[in-house]
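Peer 1: run-v8.txt is reproduced below (compact mmCIF, C-alpha atoms).
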# COMPACT_ATOMS: atom_id res chain seq x y z
CA MET C 1 192.74 149.38 82.16
CA ASN C 2 192.61 149.38 85.96
CA ARG C 3 193.30 153.08 86.00
CA LYS C 4 190.42 153.79 83.66
CA LEU C 5 188.06 151.89 85.94
CA LEU C 6 189.32 153.87 88.92
CA GLY C 7 188.68 157.09 87.04
CA LEU C 8 185.05 156.01 86.67
CA VAL C 9 184.47 155.88 90.44
CA PRO C 10 183.67 159.60 90.94
CA PHE C 11 181.34 159.41 87.97
CA LEU C 12 179.54 156.40 89.44
CA ILE C 13 179.19 158.16 92.79
CA PHE C 14 177.77 161.16 90.95
CA ILE C 15 175.21 158.99 89.13
CA PHE C 16 174.23 157.30 92.41
CA LEU C 17 173.70 160.67 94.09
CA CYS C 18 171.67 161.93 91.12
CA VAL C 19 169.29 158.97 91.30
CA PHE C 20 169.06 159.28 95.09
CA LEU C 21 168.32 163.01 95.09
CA TYR C 22 166.01 162.80 92.07
CA GLN C 23 163.75 160.43 93.99
CA GLY C 24 163.66 162.93 96.83
CA LEU C 25 162.11 165.51 94.51
CA PHE C 26 158.91 163.50 94.31
CA GLY C 27 158.65 162.38 97.93
CA ASN C 28 155.86 164.02 99.89
CA PRO C 29 157.15 165.16 103.29
CA ARG C 30 153.57 165.56 104.53
CA GLU C 31 152.91 161.87 103.95
CA ILE C 32 153.55 160.53 107.43
CA GLN C 33 152.57 156.96 108.12
CA THR C 34 151.31 156.11 111.55
CA GLY C 35 153.36 153.67 113.57
CA ARG C 36 150.06 151.80 114.06
CA LEU C 37 149.89 150.53 110.51
CA GLY C 38 149.21 146.80 110.52
CA HIS C 39 148.26 146.87 114.21
CA THR C 40 144.79 146.76 115.73
CA MET C 41 142.86 149.86 116.67
CA PRO C 42 144.15 151.15 120.04
CA GLU C 43 141.85 150.77 123.02
CA PHE C 44 139.65 153.77 123.72
CA SER C 45 136.40 154.73 125.39
CA LEU C 46 134.90 157.92 124.01
CA PRO C 47 131.40 159.39 123.82
CA ASP C 48 129.26 159.88 120.75
CA LEU C 49 129.37 163.48 119.56
CA MET C 50 125.57 163.80 119.57
CA ASP C 51 124.81 161.70 122.65
CA SER C 52 127.21 161.85 125.60
CA ASP C 53 125.65 158.77 127.21
CA LYS C 54 126.60 156.57 124.30
CA ILE C 55 130.16 155.28 124.66
CA TRP C 56 132.17 153.85 121.77
CA THR C 57 135.09 151.49 122.26
CA ALA C 58 137.52 149.76 119.91
CA ASP C 59 135.60 146.50 120.40
CA SER C 60 132.21 148.01 119.53
CA LEU C 61 133.55 148.98 116.09
CA LYS C 62 134.77 145.48 115.18
CA GLY C 63 132.99 143.29 112.65
CA GLU C 64 132.78 145.70 109.75
CA VAL C 65 135.18 147.33 107.33
CA TYR C 66 135.13 151.05 107.90
CA LEU C 67 136.92 154.33 107.28
CA MET C 68 137.75 156.47 110.28
CA ASN C 69 137.84 160.08 109.16
CA VAL C 70 139.47 162.62 111.46
CA TRP C 71 137.82 165.98 110.93
CA GLY C 72 136.54 169.25 112.42
CA THR C 73 134.32 172.10 111.30
CA TRP C 74 137.30 174.47 111.79
CA CYS C 75 139.20 172.65 109.01
CA PRO C 76 138.50 173.87 105.44
CA THR C 77 139.92 170.79 103.71
CA CYS C 78 137.66 168.56 105.83
CA ILE C 79 134.63 170.53 104.62
CA ALA C 80 135.85 170.22 101.05
CA GLU C 81 136.00 166.41 101.23
CA LEU C 82 132.55 166.00 102.84
CA GLY C 83 130.92 165.94 99.41
CA TYR C 84 133.05 163.11 98.07
CA LEU C 85 132.84 161.14 101.31
CA THR C 86 129.05 161.42 101.15
CA GLU C 87 129.22 159.92 97.66
CA LEU C 88 131.25 157.03 99.10
CA ARG C 89 128.63 156.53 101.80
CA GLU C 90 125.96 156.30 99.13
CA ARG C 91 128.04 153.59 97.47
CA GLY C 92 127.95 151.65 100.74
CA VAL C 93 131.21 152.61 102.42
CA LYS C 94 130.89 152.83 106.18
CA ILE C 95 132.49 156.03 107.46
CA ILE C 96 132.94 156.90 111.12
CA GLY C 97 133.89 160.43 112.09
CA LEU C 98 136.51 161.12 114.74
CA TYR C 99 135.78 164.68 115.73
CA TYR C 100 139.05 166.50 116.35
CA GLU C 101 138.39 169.59 118.44
CA GLN C 102 141.30 171.92 117.98
CA ALA C 103 140.43 174.85 120.21
CA TYR C 104 139.88 172.97 123.46
CA ASP C 105 142.75 173.08 125.93
CA PRO C 106 141.97 172.02 129.52
CA ASP C 107 145.18 173.74 130.75
CA PHE C 108 143.50 177.08 130.12
CA GLY C 109 140.38 176.02 132.02
CA ASP C 110 138.38 176.30 128.82
CA GLN C 111 134.64 176.07 129.16
CA PHE C 112 133.49 173.70 126.50
CA ASP C 113 130.04 174.23 125.03
CA ILE C 114 128.94 170.87 123.64
CA ASN C 115 125.59 172.19 122.45
CA ALA C 116 127.19 174.92 120.37
CA LEU C 117 129.47 172.31 118.80
CA ARG C 118 126.54 169.98 118.01
CA GLN C 119 124.70 172.86 116.42
CA ASP C 120 127.76 173.79 114.40
CA VAL C 121 128.32 170.20 113.21
CA ASN C 122 124.65 169.73 112.29
CA ASN C 123 124.66 172.96 110.29
CA MET C 124 127.81 171.96 108.45
CA LEU C 125 126.67 168.40 107.67
CA SER C 126 123.25 169.50 106.41
CA ARG C 127 124.94 172.02 104.13
CA ALA C 128 127.91 170.03 102.78
CA GLY C 129 126.60 166.46 103.07
CA ASN C 130 126.75 163.92 105.87
CA PRO C 131 129.01 160.95 105.17
CA TYR C 132 129.08 159.70 108.78
CA GLN C 133 127.26 156.81 110.42
CA PHE C 134 128.10 158.59 113.66
CA ASN C 135 130.81 160.79 115.16
CA ILE C 136 133.09 160.01 118.08
CA LEU C 137 134.08 163.04 120.12
CA ASP C 138 137.78 163.01 120.99
CA LEU C 139 137.80 166.19 123.03
CA GLU C 140 141.24 165.72 124.58
CA ARG C 141 142.65 164.17 121.41
CA THR C 142 143.80 161.02 123.21
CA LEU C 143 142.70 158.57 120.52
CA ALA C 144 144.13 160.94 117.92
CA LEU C 145 147.49 160.77 119.68
CA ASP C 146 147.31 156.99 119.96
CA LEU C 147 146.61 156.81 116.23
CA GLY C 148 149.49 159.11 115.34
CA VAL C 149 147.23 161.85 113.99
CA SER C 150 149.03 165.12 113.32
CA GLY C 151 146.07 167.20 112.13
CA ALA C 152 142.95 167.03 110.01
CA PRO C 153 141.81 165.66 107.67
CA GLU C 154 143.28 162.19 108.06
CA THR C 155 141.66 158.88 107.24
CA PHE C 156 142.26 155.30 108.36
CA LEU C 157 141.01 152.15 106.67
CA VAL C 158 140.18 149.47 109.23
CA ASP C 159 139.25 145.86 108.52
CA LYS C 160 136.72 143.57 110.22
CA GLN C 161 139.21 142.45 112.85
CA GLY C 162 139.98 146.06 113.74
CA LYS C 163 143.36 146.10 111.98
CA ILE C 164 144.53 149.44 110.55
CA LEU C 165 145.50 148.89 106.93
CA LEU C 166 145.84 152.39 105.51
CA HIS C 167 146.61 155.85 106.81
CA HIS C 168 145.99 158.81 104.56
CA THR C 169 147.01 162.37 105.43
CA GLY C 170 145.05 165.03 103.54
CA ASP C 171 141.71 164.99 101.77
CA ILE C 172 140.10 162.07 100.00
CA ASN C 173 138.96 162.70 96.46
CA GLU C 174 138.24 160.56 93.41
CA ARG C 175 141.92 160.29 92.50
CA VAL C 176 143.10 159.37 96.02
CA TRP C 177 140.29 156.87 96.43
CA ARG C 178 141.05 155.14 93.14
CA THR C 179 144.83 155.00 93.54
CA LYS C 180 145.11 154.32 97.24
CA PHE C 181 141.91 152.91 98.72
CA ALA C 182 139.70 151.29 96.07
CA ALA C 183 141.65 148.07 95.45
CA ILE C 184 142.20 147.24 99.13
CA TYR C 185 138.64 148.22 100.04
CA GLN C 186 137.13 145.99 97.35
CA GLU C 187 139.18 143.06 98.54
CA LEU C 188 138.14 143.58 102.17
CA ALA C 189 134.47 144.20 101.45
CA GLN C 190 134.03 140.85 99.70
CA MET P 1 161.40 214.89 120.23
CA LYS P 2 160.94 212.36 117.43
CA TYR P 3 164.18 210.65 118.39
CA VAL P 4 163.10 210.36 121.99
CA ILE P 5 159.87 208.61 120.93
CA VAL P 6 161.75 206.23 118.64
CA LEU P 7 164.22 205.46 121.40
CA LEU P 8 161.42 204.78 123.86
CA LEU P 9 159.69 202.45 121.41
CA MET P 10 162.92 200.54 120.89
CA MET P 11 163.26 200.05 124.63
CA ILE P 12 159.72 198.67 124.83
CA THR P 13 160.31 196.07 122.11
CA ALA P 14 163.55 195.00 123.76
CA ALA P 15 161.59 194.19 126.89
CA ALA P 16 159.21 191.86 125.06
CA GLN P 17 161.09 188.59 125.22
CA ALA P 18 160.04 185.07 124.41
CA THR P 19 159.05 183.08 127.45
CA GLU P 20 158.97 179.32 127.67
CA ASP P 21 156.22 177.33 129.31
CA LYS P 22 156.87 176.48 132.91
CA TYR P 23 156.11 172.99 134.10
CA ASN P 24 156.51 171.39 137.50
CA PHE P 25 158.48 168.20 137.98
CA ALA P 26 159.14 166.13 141.09
CA THR P 27 162.87 165.89 140.44
CA ALA P 28 165.48 167.85 138.51
CA GLU P 29 166.38 164.73 136.50
CA ARG P 30 162.83 164.43 135.23
CA GLU P 31 162.85 168.04 134.16
CA GLN P 32 166.15 167.41 132.36
CA THR P 33 164.67 164.34 130.63
CA PHE P 34 161.67 166.42 129.56
CA ARG P 35 163.92 169.16 128.10
CA GLU P 36 166.01 166.63 126.19
CA LEU P 37 162.96 164.84 124.84
CA THR P 38 161.15 167.96 123.65
CA HIS P 39 164.27 168.98 121.74
CA GLU P 40 164.74 165.54 120.24
CA LEU P 41 161.16 164.77 119.23
CA ARG P 42 160.04 166.21 115.94
CA CYS P 43 156.71 167.93 115.45
CA PRO P 44 154.65 165.82 112.98
CA LYS P 45 152.80 168.87 111.67
CA CYS P 46 155.56 171.37 111.06
CA GLN P 47 158.35 169.19 109.63
CA ASN P 48 161.45 171.09 110.71
CA GLN P 49 160.68 172.05 114.27
CA ASN P 50 161.01 170.03 117.42
CA ILE P 51 158.02 169.84 119.75
CA ALA P 52 159.54 172.36 122.16
CA ASP P 53 159.76 174.91 119.38
CA SER P 54 156.39 174.40 117.72
CA ASP P 55 153.04 175.97 118.61
CA ALA P 56 151.00 173.44 116.61
CA VAL P 57 148.18 171.73 118.53
CA VAL P 58 149.76 168.33 118.04
CA ALA P 59 153.12 169.57 119.37
CA LYS P 60 151.39 170.80 122.52
CA ASP P 61 149.61 167.45 122.87
CA LEU P 62 152.91 165.61 122.50
CA ARG P 63 154.59 167.87 125.06
CA ASP P 64 151.76 167.21 127.52
CA LYS P 65 152.08 163.47 126.88
CA VAL P 66 155.85 163.62 127.44
CA ILE P 67 155.25 165.40 130.77
CA ALA P 68 152.70 162.79 131.83
CA LEU P 69 154.98 159.88 130.88
CA VAL P 70 158.06 161.43 132.52
CA ASN P 71 156.07 162.09 135.69
CA GLU P 72 155.06 158.43 135.67
CA GLY P 73 158.75 157.72 135.93
CA GLN P 74 159.30 156.41 132.41
CA SER P 75 162.82 156.60 131.01
CA LYS P 76 163.85 158.67 128.02
CA GLN P 77 164.02 155.64 125.74
CA GLU P 78 160.59 154.44 126.86
CA VAL P 79 159.05 157.81 125.95
CA ILE P 80 160.79 157.78 122.56
CA ASP P 81 159.50 154.25 121.88
CA TYR P 82 155.99 155.34 122.90
CA MET P 83 156.07 158.15 120.34
CA ILE P 84 157.61 156.01 117.58
CA ASP P 85 154.83 153.42 118.14
CA ARG P 86 152.31 156.12 117.26
CA TYR P 87 153.99 158.53 114.88
CA GLY P 88 156.62 156.30 113.29
CA TYR P 89 160.36 157.02 113.00
CA PHE P 90 159.49 160.44 111.62
CA VAL P 91 158.88 161.76 115.11
CA HIS P 92 162.46 161.22 116.31
CA TYR P 93 165.35 163.28 114.98
CA GLN P 94 167.72 160.32 115.42
CA PRO P 95 167.02 157.86 112.60
CA PRO P 96 167.36 154.14 113.42
CA VAL P 97 170.02 152.00 111.78
CA THR P 98 168.16 149.79 109.31
CA PRO P 99 169.17 148.27 105.95
CA ALA P 100 167.54 151.28 104.26
CA THR P 101 169.39 153.91 106.31
CA ILE P 102 172.75 152.21 106.85
CA VAL P 103 174.09 154.15 103.86
CA LEU P 104 173.92 157.35 105.95
CA TRP P 105 176.60 156.02 108.27
CA VAL P 106 178.63 153.95 105.84
CA LEU P 107 178.90 156.35 102.90
CA PRO P 108 180.81 159.22 104.60
CA VAL P 109 183.30 156.81 106.20
CA ALA P 110 183.67 154.89 102.92
CA ILE P 111 184.38 158.09 101.00
CA ILE P 112 187.06 159.17 103.49
CA ILE P 113 188.73 155.76 103.43
CA LEU P 114 188.55 155.67 99.64
CA GLY P 115 190.11 159.14 99.41
CA PHE P 116 193.01 158.34 101.71
CA GLY P 117 193.48 154.99 100.00
CA PHE P 118 193.74 156.79 96.69
CA ILE P 119 196.38 159.21 98.01
CA VAL P 120 198.49 156.40 99.49
CA PHE P 121 198.13 154.34 96.30
CA ARG P 122 199.30 157.21 94.13
CA GLN P 123 202.30 158.01 96.30
CA LYS P 124 203.41 154.40 96.37
CA ARG P 125 203.20 154.15 92.62
CA ALA P 126 205.12 157.39 92.13
CA ALA P 127 207.84 156.15 94.50
CA LYS P 128 208.11 152.78 92.79
CA LYS P 129 208.68 154.29 89.36
CA GLN P 130 212.04 155.85 90.32
CA ASP P 131 214.43 153.05 89.47
CA TRP P 132 217.84 154.63 88.92
CA ASN P 133 220.70 152.92 87.13
CA ALA P 134 224.19 153.71 85.97
CA ALA P 135 222.99 154.86 82.53
CA ASP P 136 220.68 157.41 84.13
CA GLU P 137 223.53 158.62 86.38
CA GLN P 138 225.79 159.00 83.33
CA LYS P 139 223.13 160.98 81.46
CA LEU P 140 222.57 163.28 84.43
CA THR P 141 226.27 164.07 84.78
CA GLU P 142 226.45 164.85 81.06
CA LEU P 143 223.49 167.19 81.26
CA ILE P 144 224.91 169.02 84.29
CA ASN P 145 228.27 169.45 82.60
CA GLN P 146 226.58 170.72 79.46
CA TYR P 147 224.63 173.41 81.31
CA GLN P 148 227.64 174.44 83.37
CA ARG P 149 229.63 174.90 80.18
CA GLN P 150 226.86 177.01 78.65
CA GLU P 151 226.71 179.25 81.72
CA ARG P 152 230.49 179.76 81.71
CA GLU P 153 230.48 180.75 78.04
CA GLN P 154 227.83 183.43 78.49
Would you encode the structure as structure tokens?
Peer 2:
Amino acid sequence: MNRKLLGLVPFLIFIFLCVFLYQGLFGNPREIQTGRLGHTMPEFSLPDLMDSDKIWTADSLKGEVYLMNVWGTWCPTCIAELGYLTELRERGVKIIGLYYEQAYDPDFGDQFDINALRQDVNNMLSRAGNPYQFNILDLERTLALDLGVSGAPETFLVDKQGKILLHHTGDINERVWRTKFAAIYQELAQ
Amino acid sequence: MKYVIVLLLMMITAAAQATEDKYNFATAEREQTFRELTHELRCPKCQNQNIADSDAVVAKDLRDKVIALVNEGQSKQEVIDYMIDRYGYFVHYQPPVTPATIVLWVLPVAIIILGFGFIVFRQKRAAKKQDWNAADEQKLTELINQYQRQEREQ
């Protein structure tokens, strides 16, 4: 009797490994959660993309539920999601853009042409739809680093107290919104 | 002539070697800390590269941040904690010991102990089985005699 049970041990280990590895098949390695989840928005002080004199801070964003969408005109997936995000805006969702400039590297003494960028952004938004209340320009990607952003597009859901509740890597579409955002957003917006 | 050209081309490619970025540090220890950190921190964009190895924008940003923090005099662990605060445990190649990951350390050791335990258990049981009495001795002598007789007769 005892011997039979002992003989089962390798089989049980095998079953355990099967279950363990099977789960791994469906994990998404690109789904990286920021370490900031559940914490408040990190402190920052960055200019508006369209008006360098206007400075946005973490405090100035408090008081409303909003999505912070990290994007850039260089990023095809970001362009693809502009349409759906614009739909969300029309449904009353407040979306703030965090403009992630990929090409700029101060180490190379890059000359940055803000007017060309504004022109580029305006062209893109008038063509693909404008979901943004406004855009924050994070030229040196400091806020992006503080948020644990690894690329674009990425989206954060932030509540009225400035707490980060969701972090989504990749585009937002109908399916993602319904499965991941809708329930929490409805609860917060009430 | 063709061979000469080919040979020359081969020499040119051999000269094109990978160069690593050069950074300036106040002390040799800080440079050492920077090297260790960039090999231990994982690039969030490219999955299986460390930030020293990757050319992704975010890897460059993380390298620059590591330099800045090391130059401020922060320790290795402080820099690692800074990165984990932002990018989660993903960013460090050394996973933390938590209830969810403890199995990574326990399972290999448990399997080795179990295996050795099994060997010892089996040997002990095999040894215990050999109880030998006079009847067995008698039977053995008979068998030996029998075979010896057979061999002599052949």
Peer 1: With chain P as the partner and 12 Å as the cut-off, tabulate the residues of chain C that qualify, each row holding the nearest pair of atoms and their distance in Å to one decimal, using all atoms listed in the file, sorted by chain and rising number, as a tab-separated table.
Peer 2:
residue	atom	partner	partner_atom	distance
C:Arg3	CA	P:Arg122	CA	10.9
C:Leu6	CA	P:Phe118	CA	9.4
C:Gly7	CA	P:Phe118	CA	10.9
C:Val9	CA	P:Leu114	CA	10.1
C:Pro10	CA	P:Ile111	CA	10.2
C:Ile13	CA	P:Ile111	CA	9.7
C:Phe16	CA	P:Leu107	CA	11.5
C:Leu17	CA	P:Leu107	CA	11.1
C:Phe20	CA	P:Val103	CA	11.3
C:Asn28	CA	P:Gln47	CA	11.3
C:Pro29	CA	P:Gln47	CA	7.6
C:Arg30	CA	P:Gln47	CA	7.9
C:Glu31	CA	P:Pro44	CA	10.0
C:Ile32	CA	P:Phe90	CA	7.3
C:Gln33	CA	P:Gly88	CA	6.6
C:Thr34	CA	P:Tyr87	CA	4.9
C:Gly35	CA	P:Gly88	CA	4.2
C:Arg36	CA	P:Arg86	CA	5.8
C:Leu37	CA	P:Arg86	CA	9.1
C:Gly38	CA	P:Asp85	CA	11.6
C:His39	CA	P:Asp85	CA	10.1
C:Met41	CA	P:Arg86	CA	11.4
C:Pro42	CA	P:Arg86	CA	10.0
C:Tyr100	CA	P:Val57	CA	10.7
C:Glu101	CA	P:Val57	CA	10.0
C:Gln102	CA	P:Val57	CA	6.9
C:Ala103	CA	P:Val57	CA	8.5
C:Tyr104	CA	P:Val57	CA	9.7
C:Asp105	CA	P:Val57	CA	9.3
C:Pro106	CA	P:Asp64	CA	11.1
C:Asp107	CA	P:Asp64	CA	9.8
C:Leu139	CA	P:Asp61	CA	11.9
C:Glu140	CA	P:Asp61	CA	8.7
C:Arg141	CA	P:Asp61	CA	7.8
C:Thr142	CA	P:Asp61	CA	8.7
C:Leu143	CA	P:Arg86	CA	10.4
C:Ala144	CA	P:Val58	CA	9.3
C:Leu145	CA	P:Arg86	CA	7.1
C:Asp146	CA	P:Arg86	CA	5.7
C:Leu147	CA	P:Arg86	CA	5.8
C:Gly148	CA	P:Arg86	CA	4.5
C:Val149	CA	P:Tyr87	CA	7.6
C:Ser150	CA	P:Lys45	CA	5.6
C:Gly151	CA	P:Lys45	CA	6.9
C:Ala152	CA	P:Lys45	CA	10.2
C:His167	CA	P:Tyr87	CA	11.3
C:Thr169	CA	P:Lys45	CA	10.7
C:Gly170	CA	P:Lys45	CA	11.9
Peer 1: Please indicate the distance in Å from CA of Leu41 (chain P) to CA of Val79 (chain P), rounded to one decimal place.
Peer 2: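 Here the two named atoms are 9.9 Å from each other.
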Peer 1: Can you measure CA of Asp171 (chain C) to CA of Tyr132 (chain C) for me? One decimal in Å is fine.
Peer 2: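 Value for the CA of Asp171 (chain C)-CA of Tyr132 (chain C) distance: 15.4 Å.
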Peer 1: Find the distance between CA of Asn48 (chain P) and CA of Pro99 (chain P) and write it in Å to one decimal.
Peer 2: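 CA of Pro99 (chain P) lies 24.6 Å from CA of Asn48 (chain P).
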Peer 1: What's the 8 Å shell around Phe44 (chain C), counting only C-alpha atoms, without same-chain residues fewer than 4 positions away, as a list in words?
Peer 2: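 The residues satisfying every condition are Trp56, Thr57, Ala58 and Leu143 of chain C.
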Peer 1: First collect every listed atom of region 155-162 of chain C; then fit an axis-aligned box around them, widen it by 6 Å on each side, and give centre and edge lengths in Å to one decimal, as JSON.
Peer 2:
{"center_x": 139.5, "center_y": 150.7, "center_z": 110.2, "size_x": 17.5, "size_y": 28.4, "size_z": 19.1}
Peer 1: Find the residues near region 63-74 of chain C: any atom within 7 Å, counting all atoms listed in the file, skip ones fewer than 2 places away on the same chain, and give them as a list in words.
Peer 2: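 Skipping anything fewer than 2 positions along the chain leaves Leu61, Pro76, Cys78, Ile79, Val93, Lys94, Ile95, Ile96, Gly97, Leu98, Tyr99, Tyr100, Glu101, Val121, Ala152, Pro153, Glu154, Thr155, Phe156, Leu157, Val158, Asp159, Lys160, Gln161 and Ala189 of chain C.
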Peer 1: Choose the residue, out of P:Trp132, P:Tyr93, P:Phe34, P:Phe116, that has the smallest atom-to-atom separation from Gln74 (chain P); count all atoms listed in the file.
Peer 2: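 The answer is P:Phe34, which sits nearest to Gln74 (chain P).
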Peer 1: Do a neighbour search on region 30-33 of chain P at 9 Å with all atoms listed in the file, toss out local chain neighbours closer than 5 positions, and write the hits as a list in words.
Peer 2: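 Using all atoms listed in the file, the neighbours found are Tyr23, Asn24, Phe25, Thr38, Ile67, Val70, Asn71, Gly73, Ser75 and Lys76 of chain P.
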Peer 1: Hey, what's within 8 Å of region 49-53 of chain C if we count only C-alpha atoms and toss same-chain stuff fewer than 2 positions away? As a count of residues only, please?
Peer 2: 8
